[in-house]
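All remarks here apply to the structure that follows.
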Amino acid sequence: MTLQRMDNTGIVVDDLAAAVAFFQELGMELEGEAQVEGPWADQCVGLDGVRCDIAMMKTPDGHSRLELAKYLSPAPIGDGPRDTPHNTVGMHRVMFAVDDLDDTIARLRKHGAEVVGQIADYQDIVRICYLRGPDGIFVGLSEFR
C-alpha cells in the first residue's frame with residue numbers, strides 16, 4: 001500500500017471569518033463550509049461532544065487544501081502564546097508560492113499580517129519570508145524568479 005496524496009492541512013482558529021478572509025486575500029478559494037458534530041467526529045479527534053464550524057479552502061490549482069476549524073465545543077484551548085519562534089517543536093507554518101511577494105504582503109497586512117524577520121533573497125533564485133496571520137498562524141511566502 002502506498003500514500004495516495006496529502007489531502008489537507010487542518011488549522012484551529014478562534015476567528016473563522018477572519019481566517020477565511022485572510023486566505024481568500026492570499027488567493028485561496030472557499031470550497032465549502034459546514035458544521036461538524038456527532039459520534040464520528042468525537043471518535044476521529046478523541047474528544048467528547050465535538051461541534052465545530054469548518055471552512056475548506058483550496059489553492060487555485062486545486063491540489064492543496066486548508067481546513068480551518070473553529071471549535072464551539074469542547075471549548076478551544078488557546079491560552080498559550082501565539083508568537084512562538086520558528087524553532088518551536090511541532091507544526092509551525094504553511095508555505096505558499098506567490099507571483100508577487102511585495103504585493104501579497106501588502107494585501108495581507110490589511111488583514112493583520114505581520115512579517116516575521118525580513119524578506120530574504122536566496123542566491124537570486126527565490127525571495128522568501130514568514131509572516132503571522134490571524135490567530136498567530138505562521139505562513140511562509142516564496143517568490144521564485
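Here, A, B, ... name the chains of the C-alpha cells in the order displayed, residue numbers run from 1 inside each chain, and ligands are numbered from 1 in the same displayed order.
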What's the 10 Å shell around Gln118 of chain A, counting only C-alpha atoms, without same-chain residues fewer than 2 positions away, as a list in words? Val115, Val116, Ala120, Asp121, Ile128, Cys129, Tyr130 and Leu131 of chain A
Check the DSSP output for the backbone and give back, as a PyMOL selection string, the residues of chain A in helix (DSSP H, G or I). chain A and resi 16-26+39-45+101-109+134-136
Next, the residues of the selection above should be written as a PDB file, in the first residue's frame with N, CA and C atoms.
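Result went into selection.pdb, see below:
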ATOM      1  N   LEU A  16     -13.036  32.408  12.662  1.00  0.00           N
ATOM      2  CA  LEU A  16     -13.128  31.715  11.375  1.00  0.00           C
ATOM      3  C   LEU A  16     -13.291  32.695  10.217  1.00  0.00           C
ATOM      4  N   ALA A  17     -14.126  33.703  10.379  1.00  0.00           N
ATOM      5  CA  ALA A  17     -14.350  34.671   9.299  1.00  0.00           C
ATOM      6  C   ALA A  17     -13.064  35.410   8.940  1.00  0.00           C
ATOM      7  N   ALA A  18     -12.285  35.790   9.950  1.00  0.00           N
ATOM      8  CA  ALA A  18     -11.020  36.489   9.700  1.00  0.00           C
ATOM      9  C   ALA A  18     -10.028  35.570   8.983  1.00  0.00           C
ATOM     10  N   ALA A  19      -9.974  34.316   9.384  1.00  0.00           N
ATOM     11  CA  ALA A  19      -9.051  33.372   8.744  1.00  0.00           C
ATOM     12  C   ALA A  19      -9.462  33.123   7.288  1.00  0.00           C
ATOM     13  N   VAL A  20     -10.754  32.977   7.033  1.00  0.00           N
ATOM     14  CA  VAL A  20     -11.230  32.784   5.657  1.00  0.00           C
ATOM     15  C   VAL A  20     -10.874  34.001   4.811  1.00  0.00           C
ATOM     16  N   ALA A  21     -11.129  35.203   5.319  1.00  0.00           N
ATOM     17  CA  ALA A  21     -10.820  36.432   4.578  1.00  0.00           C
ATOM     18  C   ALA A  21      -9.326  36.530   4.283  1.00  0.00           C
ATOM     19  N   PHE A  22      -8.493  36.176   5.252  1.00  0.00           N
ATOM     20  CA  PHE A  22      -7.036  36.210   5.084  1.00  0.00           C
ATOM     21  C   PHE A  22      -6.610  35.290   3.945  1.00  0.00           C
ATOM     22  N   PHE A  23      -7.065  34.036   3.969  1.00  0.00           N
ATOM     23  CA  PHE A  23      -6.642  33.079   2.958  1.00  0.00           C
ATOM     24  C   PHE A  23      -7.275  33.363   1.598  1.00  0.00           C
ATOM     25  N   GLN A  24      -8.461  33.974   1.574  1.00  0.00           N
ATOM     26  CA  GLN A  24      -9.023  34.424   0.299  1.00  0.00           C
ATOM     27  C   GLN A  24      -8.164  35.543  -0.289  1.00  0.00           C
ATOM     28  N   GLU A  25      -7.708  36.452   0.552  1.00  0.00           N
ATOM     29  CA  GLU A  25      -6.843  37.530   0.080  1.00  0.00           C
ATOM     30  C   GLU A  25      -5.539  36.971  -0.474  1.00  0.00           C
ATOM     31  N   LEU A  26      -5.073  35.893   0.114  1.00  0.00           N
ATOM     32  CA  LEU A  26      -3.857  35.239  -0.370  1.00  0.00           C
ATOM     33  C   LEU A  26      -4.095  34.631  -1.753  1.00  0.00           C
ATOM     34  N   PRO A  39     -21.003  11.428  16.838  1.00  0.00           N
ATOM     35  CA  PRO A  39     -20.105  10.380  17.325  1.00  0.00           C
ATOM     36  C   PRO A  39     -18.870  10.173  16.443  1.00  0.00           C
ATOM     37  N   TRP A  40     -19.029  10.249  15.134  1.00  0.00           N
ATOM     38  CA  TRP A  40     -17.886  10.026  14.252  1.00  0.00           C
ATOM     39  C   TRP A  40     -16.819  11.097  14.460  1.00  0.00           C
ATOM     40  N   ALA A  41     -17.243  12.351  14.669  1.00  0.00           N
ATOM     41  CA  ALA A  41     -16.286  13.438  14.914  1.00  0.00           C
ATOM     42  C   ALA A  41     -15.579  13.217  16.250  1.00  0.00           C
ATOM     43  N   ASP A  42     -16.334  12.833  17.280  1.00  0.00           N
ATOM     44  CA  ASP A  42     -15.742  12.542  18.589  1.00  0.00           C
ATOM     45  C   ASP A  42     -14.684  11.444  18.468  1.00  0.00           C
ATOM     46  N   GLN A  43     -15.037  10.374  17.739  1.00  0.00           N
ATOM     47  CA  GLN A  43     -14.123   9.245  17.579  1.00  0.00           C
ATOM     48  C   GLN A  43     -12.856   9.665  16.840  1.00  0.00           C
ATOM     49  N   CYS A  44     -13.022  10.461  15.818  1.00  0.00           N
ATOM     50  CA  CYS A  44     -11.902  10.851  14.968  1.00  0.00           C
ATOM     51  C   CYS A  44     -10.869  11.680  15.726  1.00  0.00           C
ATOM     52  N   VAL A  45     -11.320  12.667  16.508  1.00  0.00           N
ATOM     53  CA  VAL A  45     -10.373  13.573  17.164  1.00  0.00           C
ATOM     54  C   VAL A  45     -10.100  13.217  18.623  1.00  0.00           C
ATOM     55  N   LEU A 101       5.619  38.821  -4.303  1.00  0.00           N
ATOM     56  CA  LEU A 101       5.761  38.782  -2.851  1.00  0.00           C
ATOM     57  C   LEU A 101       5.376  40.109  -2.204  1.00  0.00           C
ATOM     58  N   ASP A 102       5.874  41.214  -2.740  1.00  0.00           N
ATOM     59  CA  ASP A 102       5.607  42.525  -2.139  1.00  0.00           C
ATOM     60  C   ASP A 102       4.112  42.856  -2.155  1.00  0.00           C
ATOM     61  N   ASP A 103       3.451  42.603  -3.277  1.00  0.00           N
ATOM     62  CA  ASP A 103       2.015  42.866  -3.379  1.00  0.00           C
ATOM     63  C   ASP A 103       1.227  41.973  -2.419  1.00  0.00           C
ATOM     64  N   THR A 104       1.611  40.718  -2.334  1.00  0.00           N
ATOM     65  CA  THR A 104       0.915  39.775  -1.452  1.00  0.00           C
ATOM     66  C   THR A 104       1.034  40.216   0.000  1.00  0.00           C
ATOM     67  N   ILE A 105       2.228  40.606   0.409  1.00  0.00           N
ATOM     68  CA  ILE A 105       2.428  41.073   1.789  1.00  0.00           C
ATOM     69  C   ILE A 105       1.588  42.313   2.046  1.00  0.00           C
ATOM     70  N   ALA A 106       1.576  43.256   1.115  1.00  0.00           N
ATOM     71  CA  ALA A 106       0.786  44.489   1.289  1.00  0.00           C
ATOM     72  C   ALA A 106      -0.701  44.166   1.452  1.00  0.00           C
ATOM     73  N   ARG A 107      -1.203  43.245   0.660  1.00  0.00           N
ATOM     74  CA  ARG A 107      -2.626  42.883   0.760  1.00  0.00           C
ATOM     75  C   ARG A 107      -2.926  42.162   2.074  1.00  0.00           C
ATOM     76  N   LEU A 108      -2.021  41.290   2.507  1.00  0.00           N
ATOM     77  CA  LEU A 108      -2.253  40.538   3.738  1.00  0.00           C
ATOM     78  C   LEU A 108      -2.106  41.407   4.980  1.00  0.00           C
ATOM     79  N   ARG A 109      -1.300  42.445   4.899  1.00  0.00           N
ATOM     80  CA  ARG A 109      -1.177  43.370   6.034  1.00  0.00           C
ATOM     81  C   ARG A 109      -2.522  44.007   6.367  1.00  0.00           C
ATOM     82  N   PRO A 134      -3.977  35.638  11.023  1.00  0.00           N
ATOM     83  CA  PRO A 134      -4.963  35.594  12.106  1.00  0.00           C
ATOM     84  C   PRO A 134      -4.647  34.487  13.114  1.00  0.00           C
ATOM     85  N   ASP A 135      -4.914  34.760  14.364  1.00  0.00           N
ATOM     86  CA  ASP A 135      -4.701  33.798  15.452  1.00  0.00           C
ATOM     87  C   ASP A 135      -3.263  33.296  15.529  1.00  0.00           C
ATOM     88  N   GLY A 136      -2.315  34.074  14.995  1.00  0.00           N
ATOM     89  CA  GLY A 136      -0.905  33.710  15.080  1.00  0.00           C
ATOM     90  C   GLY A 136      -0.463  32.664  14.080  1.00  0.00           C
TER      91      GLY A 136
END
Could you please determine the separation between atom CA of Gly90 of chain A and atom CA of Tyr122 of chain A in Å, to one decimal place?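 So the two atoms, atom CA of Gly90 of chain A and atom CA of Tyr122 of chain A, lie 25.2 Å apart.
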Write out as a tab-separated table a residue-level contact list of segment 66-88 of chain A versus segment 46-61 of chain A with cut-off 10 Å: for each qualifying residue the closest pair of atoms and the distance in Å to one decimal, counting only C-alpha atoms, rows sorted by chain and residue number upward.
residue	atom	partner	partner_atom	distance
A:Leu66	CA	A:Met57	CA	5.1
A:Glu67	CA	A:Met56	CA	4.6
A:Leu68	CA	A:Ala55	CA	5.2
A:Ala69	CA	A:Ile54	CA	4.4
A:Lys70	CA	A:Asp53	CA	5.2
A:Tyr71	CA	A:Cys52	CA	4.2
A:Leu72	CA	A:Cys52	CA	5.1
A:Ser73	CA	A:Arg51	CA	5.1
A:Pro74	CA	A:Val50	CA	5.9
A:Ala75	CA	A:Val50	CA	9.2
A:Pro76	CA	A:Cys52	CA	9.8
Given only C-alpha atoms as the counted atoms, nearest of A:His63, A:Arg127, A:Arg132, A:Lys110 to Asp83 of chain A: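 So, comparing all the options, the nearest one is A:Arg132.
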Using DSSP on the backbone coordinates, identify all residues within chain A classified as strand (DSSP E); present the result as number ranges by chain. A: 9-12, 29-37, 51-58, 65-73, 94-97, 114-122, 126-132, 138-144
A:Val98, A:Arg65, A:Ser142, A:Thr84: which is nearest Gly32 of chain A, counting only C-alpha atoms? A:Arg65
Quick one: distance from atom CA of Val126 of chain A to atom CA of Glu29 of chain A in Å, one decimal? 25.0 Å
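Here atom CA of Glu31 of chain A and atom CA of Thr9 of chain A stand 14.2 Å from one another.
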Neighbours of Phe96 of chain A within 8 Å (only C-alpha atoms; same-chain residues fewer than 4 positions away dropped), as an MDAnalysis selection string? chainID A and resid 139:142
Kindly save the residues from that selection, with C-alpha atoms included, as a CSV table (one decimal), in the first residue's frame.
chain,number,residue,atom,x,y,z
A,139,VAL,CA,2.6,31.4,6.9
A,140,GLY,CA,5.6,31.2,4.6
A,141,LEU,CA,5.6,33.0,1.2
A,142,SER,CA,8.0,32.4,-1.6
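Distance annotation: of A:Ile77, A:Ile125, A:Ile11, A:Leu30, the residue with the minimal separation from Phe138 of chain A is A:Ile11; atom set is only C-alpha atoms.
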